[in-house]
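Engineer: Please find final_9.cif (mmCIF, C-alpha atoms) on the next line:
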```cif
data_start
#
loop_
_atom_site.label_atom_id
_atom_site.label_comp_id
_atom_site.auth_asym_id
_atom_site.auth_seq_id
_atom_site.Cartn_x
_atom_site.Cartn_y
_atom_site.Cartn_z
CA LEU H 108 33.46 -78.03 64.49
CA SER H 109 36.31 -80.55 64.84
CA ASP H 110 34.33 -83.70 65.71
CA THR H 111 32.21 -85.28 63.00
CA PRO H 112 29.37 -87.23 64.63
CA SER H 113 28.33 -90.57 63.18
CA PRO H 114 25.05 -90.62 61.21
CA SER H 115 23.20 -92.42 64.03
CA ARG H 116 24.45 -89.93 66.60
CA ARG H 117 23.39 -87.07 64.34
CA ARG H 118 19.93 -88.60 64.02
CA LYS H 119 19.69 -88.94 67.81
CA ARG H 120 20.55 -85.30 68.23
CA ALA H 121 18.01 -84.26 65.64
CA ASP H 122 15.36 -86.35 67.43
CA ALA H 123 16.25 -84.75 70.75
CA GLN H 124 16.04 -81.29 69.24
CA ARG H 125 12.66 -82.11 67.72
CA ASN H 126 11.43 -83.30 71.14
CA VAL H 127 12.70 -80.15 72.82
CA ASP H 128 10.98 -77.97 70.21
CA ALA H 129 7.72 -79.88 70.61
CA LEU H 130 7.94 -79.69 74.41
CA LEU H 131 8.58 -75.94 74.38
CA GLN H 132 5.69 -75.33 72.00
CA ALA H 133 3.43 -77.57 74.12
CA ALA H 134 4.54 -75.89 77.37
CA LYS H 135 3.84 -72.45 75.91
CA THR H 136 0.31 -73.55 75.00
CA ALA H 137 -0.27 -75.27 78.37
CA PHE H 138 1.10 -72.28 80.35
CA ALA H 139 -1.20 -69.92 78.46
CA ALA H 140 -4.21 -72.16 79.17
CA SER H 141 -3.49 -73.35 82.74
CA GLY H 142 -0.61 -71.22 84.06
CA VAL H 143 3.00 -72.22 84.69
CA ASP H 144 1.87 -75.02 87.02
CA ALA H 145 0.13 -76.90 84.20
CA PRO H 146 0.44 -80.70 84.79
CA ALA H 147 3.50 -82.42 83.28
CA ARG H 148 1.21 -85.06 81.74
CA GLU H 149 -0.74 -82.37 79.86
CA ILE H 150 2.45 -80.90 78.42
CA ALA H 151 3.92 -84.30 77.44
CA ASP H 152 0.66 -85.34 75.77
CA LEU H 153 0.49 -82.12 73.79
CA ALA H 154 4.07 -82.68 72.63
CA HIS H 155 3.39 -86.36 71.80
CA VAL H 156 6.27 -87.52 74.04
CA GLY H 157 6.40 -89.42 77.31
CA VAL H 158 6.54 -87.67 80.67
CA GLY H 159 10.03 -89.21 81.11
CA THR H 160 11.26 -87.31 78.06
CA LEU H 161 9.89 -84.08 79.53
CA TYR H 162 11.72 -84.64 82.82
CA ARG H 163 14.93 -85.71 81.07
CA HIS H 164 15.15 -82.44 79.18
CA PHE H 165 13.67 -80.23 81.91
CA PRO H 166 14.23 -81.72 85.40
CA GLN H 167 12.69 -78.74 87.22
CA ARG H 168 9.60 -76.75 86.29
CA THR H 169 11.71 -73.61 86.48
CA ASP H 170 13.95 -75.01 83.70
CA LEU H 171 10.92 -75.38 81.46
CA VAL H 172 9.52 -71.93 82.27
CA VAL H 173 12.89 -70.31 81.63
CA ALA H 174 13.36 -72.20 78.33
CA VAL H 175 9.89 -71.20 77.11
CA LEU H 176 10.49 -67.56 77.98
CA GLU H 177 13.96 -67.55 76.40
CA ARG H 178 12.42 -68.78 73.18
CA GLU H 179 9.76 -66.10 73.32
CA ILE H 180 12.30 -63.37 74.06
CA ASP H 181 14.27 -64.52 71.03
CA ALA H 182 11.14 -64.57 68.87
CA CYS H 183 10.25 -61.04 70.01
CA ALA H 184 13.75 -59.80 69.18
CA ASP H 185 13.78 -61.63 65.83
CA ALA H 186 10.42 -60.09 64.85
CA ALA H 187 12.18 -56.73 64.52
CA THR H 188 14.06 -57.86 61.41
CA ALA H 189 10.92 -58.54 59.39
CA LEU H 190 9.23 -55.36 60.64
CA ALA H 191 12.25 -53.23 59.75
CA ALA H 192 12.38 -54.75 56.26
CA ASP H 193 8.66 -54.19 55.54
CA ARG H 194 7.93 -50.74 57.00
CA GLU H 195 9.11 -47.17 57.42
CA PRO H 196 11.42 -46.89 60.47
CA ALA H 197 8.87 -45.18 62.78
CA GLU H 198 6.15 -47.63 61.75
CA ALA H 199 8.48 -50.55 62.36
CA LEU H 200 9.33 -49.13 65.79
CA ALA H 201 5.65 -48.65 66.72
CA ALA H 202 4.73 -52.13 65.49
CA TRP H 203 7.59 -53.70 67.42
CA LEU H 204 6.67 -51.88 70.65
CA ASP H 205 3.14 -53.19 70.17
CA ARG H 206 4.53 -56.72 69.70
CA TYR H 207 6.68 -56.30 72.82
CA THR H 208 3.63 -55.09 74.81
CA GLU H 209 1.64 -58.13 73.69
CA PHE H 210 4.53 -60.36 74.70
CA LEU H 211 4.66 -58.84 78.20
CA LYS H 212 0.89 -58.85 78.69
CA THR H 213 0.53 -62.51 77.79
CA LYS H 214 3.37 -63.51 80.13
CA ASP H 215 1.49 -63.48 83.38
CA GLY H 216 3.88 -62.39 86.06
CA LEU H 217 6.92 -61.94 83.81
CA ALA H 218 6.78 -58.15 83.98
CA THR H 219 6.43 -58.40 87.76
CA ALA H 220 9.25 -60.94 88.05
CA LEU H 221 11.62 -58.80 85.97
CA GLN H 222 10.60 -55.71 87.94
CA LYS H 223 11.42 -57.43 91.23
CA GLY H 224 14.56 -59.17 90.04
CA GLU H 225 13.52 -62.67 91.25
CA PRO H 226 16.67 -64.84 91.63
CA ALA H 227 15.39 -67.85 89.63
CA PHE H 228 14.93 -65.57 86.64
CA GLU H 229 18.22 -63.70 86.86
CA GLY H 230 19.72 -65.33 83.78
CA LEU H 231 16.45 -64.71 82.00
CA ALA H 232 16.50 -61.02 82.87
CA GLU H 233 20.00 -60.81 81.44
CA ARG H 234 18.90 -62.45 78.17
CA PHE H 235 15.88 -60.15 78.13
CA TRP H 236 18.03 -57.01 78.22
CA GLN H 237 20.78 -58.42 75.99
CA ARG H 238 18.39 -59.42 73.22
CA LEU H 239 15.70 -56.75 73.45
CA GLY H 240 17.94 -53.79 74.34
CA PRO H 241 19.98 -53.79 71.09
CA THR H 242 16.83 -54.67 69.11
CA LEU H 243 14.96 -51.61 70.34
CA GLU H 244 18.07 -49.47 70.12
CA SER H 245 18.52 -50.16 66.41
CA LEU H 246 14.83 -49.49 65.73
CA LEU H 247 15.10 -46.20 67.66
CA ASN H 248 18.29 -45.21 65.84
CA ALA H 249 16.81 -45.94 62.40
CA ALA H 250 13.68 -43.90 63.15
CA ALA H 251 15.71 -41.04 64.65
CA GLU H 252 18.07 -40.99 61.67
CA SER H 253 15.16 -40.72 59.26
CA GLY H 254 13.91 -37.76 61.33
CA GLU H 255 10.65 -39.48 62.23
CA ILE H 256 11.21 -39.60 65.99
CA ARG H 257 13.21 -37.71 68.60
CA SER H 258 16.77 -38.81 69.27
CA ASP H 259 16.94 -38.45 73.07
CA ILE H 260 15.42 -41.80 74.06
CA ASP H 261 17.34 -44.53 75.82
CA ALA H 262 16.32 -48.04 74.72
CA ARG H 263 16.63 -49.56 78.17
CA GLU H 264 14.53 -46.81 79.75
CA LEU H 265 11.83 -47.30 77.14
CA LEU H 266 11.84 -51.09 77.63
CA SER H 267 11.44 -50.48 81.37
CA ALA H 268 8.68 -47.92 80.89
CA VAL H 269 6.64 -50.26 78.69
CA GLY H 270 7.29 -53.00 81.25
CA SER H 271 5.90 -50.78 84.03
CA LEU H 272 2.85 -49.92 81.93
CA CYS H 273 2.23 -53.66 81.46
CA LEU H 274 2.01 -54.28 85.21
CA PRO H 275 -1.56 -55.08 86.23
CA VAL H 276 -3.41 -52.08 87.72
CA PRO H 277 -6.71 -52.71 89.55
CA GLY H 278 -9.69 -50.90 88.06
CA THR H 279 -8.31 -50.38 84.56
CA SER H 280 -9.75 -51.83 81.36
CA ALA H 281 -8.20 -54.73 79.46
CA ASP H 282 -6.53 -52.56 76.84
CA TYR H 283 -5.15 -50.04 79.36
CA SER H 284 -1.53 -51.05 78.75
CA ARG H 285 -1.81 -50.89 74.97
CA ARG H 286 -3.52 -47.50 75.17
CA MET H 287 -0.82 -46.04 77.42
CA VAL H 288 2.01 -47.53 75.36
CA ALA H 289 0.36 -45.97 72.28
CA LEU H 290 0.58 -42.60 74.08
CA LEU H 291 4.29 -43.17 74.71
CA ILE H 292 4.78 -44.02 71.04
CA ASP H 293 3.05 -40.81 70.00
CA GLY H 294 5.33 -38.98 72.40
CA LEU H 295 8.33 -40.49 70.59
CA ARG H 296 7.23 -38.86 67.36
CA HIS H 297 7.34 -35.37 68.81
CA GLU H 298 9.98 -33.27 70.50
CA SER H 299 8.85 -31.91 73.84
CA THR H 300 8.87 -28.29 74.94
CA PRO H 301 10.86 -27.86 77.13
CA PRO H 302 13.17 -30.74 76.12
CA LEU H 303 13.63 -33.76 78.37
CA PRO H 304 16.47 -33.60 80.88
CA PRO H 305 19.52 -35.02 79.06
CA ARG H 306 20.71 -38.56 79.73
CA THR H 307 22.48 -40.08 76.77
CA SER H 308 23.50 -38.05 73.74
CA ARG H 309 23.49 -40.32 70.75
CA ARG H 310 23.98 -37.53 68.28
CA PRO H 311 25.68 -34.11 68.65
CA LEU P 187 -23.85 -24.17 112.57
CA SER P 188 -26.47 -24.15 115.34
CA ASP P 189 -24.18 -24.27 118.40
CA THR P 190 -22.13 -21.19 119.21
CA PRO P 191 -19.00 -22.27 121.14
CA SER P 192 -17.81 -20.12 124.03
CA PRO P 193 -14.71 -17.96 123.35
CA SER P 194 -12.49 -20.22 125.49
CA ARG P 195 -13.71 -23.34 123.69
CA ARG P 196 -13.12 -21.66 120.35
CA ARG P 197 -9.59 -20.77 121.46
CA LYS P 198 -8.94 -24.36 122.54
CA ARG P 199 -10.08 -25.61 119.15
CA ALA P 200 -7.84 -23.11 117.38
CA ASP P 201 -4.88 -24.23 119.53
CA ALA P 202 -5.58 -27.88 118.75
CA GLN P 203 -5.78 -27.14 115.03
CA ARG P 204 -2.50 -25.23 115.20
CA ASN P 205 -0.87 -28.20 116.93
CA VAL P 206 -2.19 -30.61 114.34
CA ASP P 207 -0.91 -28.38 111.51
CA ALA P 208 2.50 -28.10 113.17
CA LEU P 209 2.64 -31.87 113.77
CA LEU P 210 1.72 -32.68 110.18
CA GLN P 211 4.31 -30.27 108.82
CA ALA P 212 6.92 -31.67 111.22
CA ALA P 213 6.03 -35.27 110.36
CA LYS P 214 6.31 -34.54 106.64
CA THR P 215 9.81 -33.12 107.20
CA ALA P 216 10.85 -35.99 109.50
CA PHE P 217 9.47 -38.65 107.13
CA ALA P 218 11.39 -37.13 104.22
CA ALA P 219 14.61 -37.11 106.27
CA SER P 220 14.35 -40.38 108.22
CA GLY P 221 11.46 -42.35 106.68
CA VAL P 222 8.01 -43.04 108.12
CA ASP P 223 9.56 -44.63 111.23
CA ALA P 224 11.15 -41.34 112.33
CA PRO P 225 11.19 -41.15 116.18
CA ALA P 226 8.13 -39.55 117.83
CA ARG P 227 10.45 -37.33 119.87
CA GLU P 228 12.00 -35.89 116.69
CA ILE P 229 8.58 -35.06 115.26
CA ALA P 230 7.26 -33.52 118.49
CA ASP P 231 10.42 -31.39 118.87
CA LEU P 232 10.16 -30.14 115.31
CA ALA P 233 6.52 -29.19 115.96
CA HIS P 234 7.36 -27.52 119.32
CA VAL P 235 4.84 -29.70 121.16
CA GLY P 236 5.17 -32.50 123.72
CA VAL P 237 5.23 -36.14 122.69
CA GLY P 238 1.92 -36.54 124.61
CA THR P 239 0.27 -34.08 122.24
CA LEU P 240 1.54 -36.08 119.27
CA TYR P 241 0.08 -39.33 120.65
CA ARG P 242 -3.22 -37.64 121.65
CA HIS P 243 -3.84 -36.52 118.08
CA PHE P 244 -2.25 -39.52 116.33
CA PRO P 245 -2.34 -42.64 118.56
CA GLN P 246 -0.86 -44.92 115.87
CA ARG P 247 1.96 -44.21 113.46
CA THR P 248 -0.36 -45.22 110.62
CA ASP P 249 -2.73 -42.40 111.65
CA LEU P 250 0.07 -39.90 111.27
CA VAL P 251 1.28 -41.30 107.96
CA VAL P 252 -2.25 -41.30 106.55
CA ALA P 253 -2.89 -37.73 107.76
CA VAL P 254 0.35 -36.45 106.20
CA LEU P 255 -0.42 -38.14 102.90
CA GLU P 256 -4.02 -36.87 102.90
CA ARG P 257 -2.73 -33.33 103.29
CA GLU P 258 -0.28 -33.83 100.45
CA ILE P 259 -2.94 -35.34 98.19
CA ASP P 260 -5.11 -32.30 98.91
CA ALA P 261 -2.19 -29.94 98.20
CA CYS P 262 -1.49 -31.72 94.91
CA ALA P 263 -5.14 -31.43 93.88
CA ASP P 264 -5.35 -27.79 95.00
CA ALA P 265 -2.23 -26.90 92.98
CA ALA P 266 -4.27 -27.39 89.80
CA THR P 267 -6.37 -24.29 90.48
CA ALA P 268 -3.38 -21.92 90.45
CA LEU P 269 -1.83 -23.66 87.42
CA ALA P 270 -5.10 -23.47 85.46
CA ALA P 271 -5.43 -19.75 86.27
CA ASP P 272 -1.87 -18.88 85.21
CA ARG P 273 -1.30 -20.94 82.06
CA GLU P 274 -2.71 -22.18 78.78
CA PRO P 275 -4.70 -25.41 79.34
CA ALA P 276 -2.10 -27.79 77.87
CA GLU P 277 0.69 -26.08 79.79
CA ALA P 278 -1.32 -26.26 83.00
CA LEU P 279 -1.94 -29.96 82.36
CA ALA P 280 1.75 -30.67 81.71
CA ALA P 281 2.83 -28.68 84.79
CA TRP P 282 0.31 -30.49 86.98
CA LEU P 283 1.40 -33.93 85.74
CA ASP P 284 4.96 -32.90 86.58
CA ARG P 285 3.82 -31.82 90.07
CA TYR P 286 1.97 -35.13 90.49
CA THR P 287 5.08 -37.07 89.39
CA GLU P 288 7.19 -35.20 91.94
CA PHE P 289 4.60 -35.96 94.61
CA LEU P 290 4.70 -39.70 93.82
CA LYS P 291 8.48 -39.86 93.56
CA THR P 292 9.05 -38.20 96.93
CA LYS P 293 6.55 -40.50 98.64
CA ASP P 294 8.74 -43.53 99.07
CA GLY P 295 6.55 -46.57 98.74
CA LEU P 296 3.26 -44.71 98.18
CA ALA P 297 3.10 -45.63 94.52
CA THR P 298 3.84 -49.24 95.45
CA ALA P 299 1.27 -49.22 98.28
CA LEU P 300 -1.44 -47.80 96.03
CA GLN P 301 -0.50 -50.26 93.29
CA LYS P 302 -0.83 -53.19 95.68
CA GLY P 303 -3.93 -51.91 97.48
CA GLU P 304 -2.47 -52.31 101.02
CA PRO P 305 -5.38 -52.49 103.50
CA ALA P 306 -4.09 -49.83 105.95
CA PHE P 307 -4.12 -47.34 103.10
CA GLU P 308 -7.49 -48.22 101.63
CA GLY P 309 -9.16 -45.00 102.76
CA LEU P 310 -6.15 -43.12 101.48
CA ALA P 311 -6.41 -44.74 98.07
CA GLU P 312 -10.04 -43.66 97.92
CA ARG P 313 -9.15 -40.06 98.75
CA PHE P 314 -6.34 -40.26 96.20
CA TRP P 315 -8.71 -41.17 93.37
CA GLN P 316 -11.53 -38.94 94.57
CA ARG P 317 -9.38 -35.81 94.76
CA LEU P 318 -6.89 -36.39 91.94
CA GLY P 319 -9.27 -38.04 89.46
CA PRO P 320 -11.60 -35.04 89.01
CA THR P 321 -8.61 -32.68 89.16
CA LEU P 322 -6.88 -34.34 86.23
CA GLU P 323 -10.17 -34.82 84.41
CA SER P 324 -10.92 -31.10 84.40
CA LEU P 325 -7.37 -30.28 83.25
CA LEU P 326 -7.71 -32.85 80.45
CA ASN P 327 -11.13 -31.53 79.44
CA ALA P 328 -9.96 -27.92 79.34
CA ALA P 329 -6.94 -28.80 77.18
CA ALA P 330 -9.04 -31.02 74.89
CA GLU P 331 -11.68 -28.32 74.47
CA SER P 332 -9.04 -25.79 73.47
CA GLY P 333 -7.86 -28.31 70.86
CA GLU P 334 -4.38 -28.57 72.38
CA ILE P 335 -4.58 -32.25 73.27
CA ARG P 336 -6.44 -35.34 72.15
CA SER P 337 -9.81 -36.06 73.71
CA ASP P 338 -9.64 -39.85 74.12
CA ILE P 339 -7.76 -40.02 77.43
CA ASP P 340 -9.28 -41.33 80.65
CA ALA P 341 -8.09 -39.45 83.76
CA ARG P 342 -7.94 -42.53 85.94
CA GLU P 343 -5.93 -44.47 83.36
CA LEU P 344 -3.48 -41.61 83.05
CA LEU P 345 -3.10 -41.31 86.85
CA SER P 346 -2.40 -45.05 86.96
CA ALA P 347 0.08 -44.88 84.10
CA VAL P 348 2.08 -42.09 85.74
CA GLY P 349 1.91 -44.08 88.98
CA SER P 350 3.37 -47.13 87.22
CA LEU P 351 6.13 -45.03 85.66
CA CYS P 352 7.00 -43.76 89.16
CA LEU P 353 7.64 -47.27 90.48
CA PRO P 354 11.34 -47.80 91.11
CA VAL P 355 13.09 -49.72 88.31
CA PRO P 356 16.60 -51.10 88.96
CA GLY P 357 19.25 -49.76 86.61
CA THR P 358 17.48 -46.57 85.54
CA SER P 359 18.72 -43.03 86.18
CA ALA P 360 17.21 -40.72 88.79
CA ASP P 361 15.12 -38.73 86.33
CA TYR P 362 13.82 -41.82 84.48
CA SER P 363 10.25 -41.33 85.71
CA ARG P 364 10.13 -37.65 84.77
CA ARG P 365 11.57 -38.39 81.34
CA MET P 366 9.01 -41.12 80.62
CA VAL P 367 6.11 -39.01 81.95
CA ALA P 368 7.31 -36.21 79.66
CA LEU P 369 7.01 -38.67 76.75
CA LEU P 370 3.44 -39.47 77.79
CA ILE P 371 2.65 -35.75 77.95
CA ASP P 372 4.01 -35.25 74.44
CA GLY P 373 1.82 -38.16 73.35
CA LEU P 374 -1.20 -36.34 74.78
CA ARG P 375 -0.57 -33.43 72.43
CA HIS P 376 -0.80 -35.57 69.32
CA GLU P 377 -3.43 -37.86 67.87
CA SER P 378 -2.09 -41.29 67.07
CA THR P 379 -2.30 -43.11 63.76
CA PRO P 380 -4.06 -45.50 64.02
CA PRO P 381 -6.22 -44.10 66.84
CA LEU P 382 -6.21 -45.69 70.28
CA PRO P 383 -8.78 -48.41 70.89
CA PRO P 384 -11.86 -46.59 72.23
CA ARG P 385 -12.72 -46.61 75.91
CA THR P 386 -14.65 -43.52 76.98
CA SER P 387 -16.14 -41.09 74.49
CA ARG P 388 -16.25 -37.71 76.13
CA ARG P 389 -17.22 -35.91 72.98
CA PRO P 390 -19.16 -37.07 69.91
#
```
Would you mind writing the file out in structure tokens?

Structural biologist:
Amino acid sequence: LSDTPSPSRRRKRADAQRNVDALLQAAKTAFAASGVDAPAREIADLAHVGVGTLYRHFPQRTDLVVAVLEREIDACADAATALAADREPAEALAAWLDRYTEFLKTKDGLATALQKGEPAFEGLAERFWQRLGPTLESLLNAAAESGEIRSDIDARELLSAVGSLCLPVPGTSADYSRRMVALLIDGLRHESTPPLPPRTSRRP
Amino acid sequence: LSDTPSPSRRRKRADAQRNVDALLQAAKTAFAASGVDAPAREIADLAHVGVGTLYRHFPQRTDLVVAVLEREIDACADAATALAADREPAEALAAWLDRYTEFLKTKDGLATALQKGEPAFEGLAERFWQRLGPTLESLLNAAAESGEIRSDIDARELLSAVGSLCLPVPGTSADYSRRMVALLIDGLRHESTPPLPPRTSRRP
């Protein structure tokens, strides 16, 4: 806040930020089409920058993968705000869990990596929990307070459960994960008999 | 059916069967206490047989592990009969899914092995699906016919989903799997809005 950059320096920074944004968008597209080993040339071309610019901002492929995923984690967390503004709390919760499921399913290997705690993605896992945990928790709290869902669900457990249901299972159909997550969501709307074993008690 | 064994041969067979039963029970206990690499001596002692008898019936450790798991798969499938006789269909279904969850949780690594399709356990995976698939399907059908649960659930998908929820997840509490399976079970009791994407249509 204390240093005031010169106009040319500010323009340089804005250019760099624009390049980074373009590279991340291009990498996301290339990863979806060709996997995380998509050629650097393909990504640079898509972003309309040189390969040198790609390597300057992201020296290692891991850096690029992590940056893309961080941006997608943030987008998934940010989506909750619009959903919560537009819908009833339980509907917002269900729609967000669907969004989160889509996010996990399209990230080939992310669910597995997080499950296994791969070292290169440790920082990513932390951001994952720190952004998505509070997001889901506030959706759960709002829906529980309006009496639409049960109040005995832990956000982190539910994030993990959906993550497990998004792991690939041989012999299941393409929409298996979404179908099973939909079952979980229906379970949220109804108290069980007998009640679940207690874990956290959010409300007396 | 055509050959009638002599009394002494029949006795020998009965002895061998008793030894196998004792060995399988002993191995189950030893595996639970010390893992699947529990010493042969420990297992033979528990079964009150010599180590030679253990190796004659189960030359490789894999043979013993597979035989123990086959017996437990059969026991899990057979448990459905008593549950279905004693309880309302939806209660029987819920109790069986709980039994199945317990079975998976106590089999360290089984859920992971089945998930990954390890070659040594291929025959076991087949028995798993062939015994537990129809078992769960008939429990689901009975509960759906009595109107207690929805009718759009595929038995194999549900077995897989519970299997995924039984995979170990770092940072979750001990009863995480049971809690999440309980959520799934509650979901079974309620139709979703909007309905799940169709897969199998058991009833018109």

Engineer: Any chance you could tabulate, as a tab-separated table, the residues of chain P at most 7 Å from chain H with each one's nearest atom pair and distance in Å to one decimal, using only C-alpha atoms, in chain and rising number order?

Structural biologist:
```
residue	atom	partner	partner_atom	distance
P:Gln301	CA	H:Val276	CA	6.5
P:Glu343	CA	H:Thr279	CA	6.5
P:Ala347	CA	H:Leu272	CA	6.1
P:Ser350	CA	H:Ser271	CA	5.5
P:Leu351	CA	H:Ser271	CA	6.0
P:Val355	CA	H:Gln222	CA	6.5
P:Thr358	CA	H:Glu264	CA	6.5
P:Tyr362	CA	H:Glu264	CA	6.9
P:Arg365	CA	H:Leu303	CA	5.9
P:Met366	CA	H:Ala268	CA	6.8
P:Ala368	CA	H:Leu303	CA	6.9
P:Leu369	CA	H:Gly294	CA	4.7
P:Leu370	CA	H:Leu291	CA	4.9
P:Ile371	CA	H:Gly294	CA	7.0
P:Asp372	CA	H:Gly294	CA	4.5
P:Gly373	CA	H:Gly294	CA	3.7
P:Leu374	CA	H:Leu290	CA	6.5
P:His376	CA	H:Asp293	CA	6.5
P:Ser378	CA	H:Asp293	CA	5.9
P:Leu382	CA	H:Arg286	CA	5.9
P:Pro383	CA	H:Arg286	CA	6.8
```

Engineer: Set the distance at 6 Å and use only C-alpha atoms: which residues neighbour Pro196 (chain H) once local chain neighbours fewer than 2 positions away are removed? I'd like the list as a ChimeraX atom specification.

Structural biologist: /H:198-199,249-250

Engineer: Selected by the PyMOL selection byres ((chain H and resi 165) around 12) in the shown coordinates: which residues, as a PyMOL selection string?

Structural biologist: chain H and resi 126-127+130-131+134+147+150-151+158-164+166-175

Engineer: Step by step, gather every atom of region 254-259 of chain P that the file lists, find the box along x, y and z that holds them, add 6 Å on each side, and finally give centre and edge lengths in Å to one decimal, as JSON.

Structural biologist:
```
{"center_x": -1.8, "center_y": -35.7, "center_z": 102.2, "size_x": 16.4, "size_y": 16.8, "size_z": 20.0}
```

Engineer: What does the distance from CA of Ala133 (chain H) to CA of His155 (chain H) come to in Å, to one decimal?

Structural biologist: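 We find that CA of Ala133 (chain H) and CA of His155 (chain H) lie 9.1 Å from each other.
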
Engineer: Any chance you could resolve the PyMOL selection byres ((chain H and resi 187) around 10) against this file and give the residues as JSON, numbers by chain?

Structural biologist: {"H": [182, 183, 184, 185, 186, 188, 189, 190, 191, 192, 193, 199, 200, 202, 203, 204, 206, 207, 239, 242, 243, 245, 246]}

Engineer: Could you check the closest approach to Ala154 (chain H) for each of H:Lys135, H:Arg234, H:Arg194, H:Arg178 and tell me which residue wins, using all atoms listed in the file?

Structural biologist: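 Checking each of H:Lys135, H:Arg234, H:Arg194, H:Arg178 against Ala154 (chain H), counting all atoms listed in the file, the winner is H:Lys135.
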
Engineer: Between CA of Phe235 (chain H) and CA of Ser141 (chain H), measure the distance and give it in Å to one decimal.

Structural biologist: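 Taking CA of Phe235 (chain H) and CA of Ser141 (chain H), their separation equals 23.9 Å.
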
Engineer: Enter the distance from CA of Glu209 (chain H) to CA of Glu233 (chain H), in Å, rounded to one decimal.

Structural biologist: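 Here the two named atoms are 20.1 Å from each other.
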
Engineer: Which residue out of P:Ala341, P:Leu255, P:Ala224, P:Ala200 has the minimum interatomic distance to Asn327 (chain P) when all atoms listed in the file are used?

Structural biologist: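 Looking only at the distances to Asn327 (chain P), the closest residue turns out to be P:Ala341.
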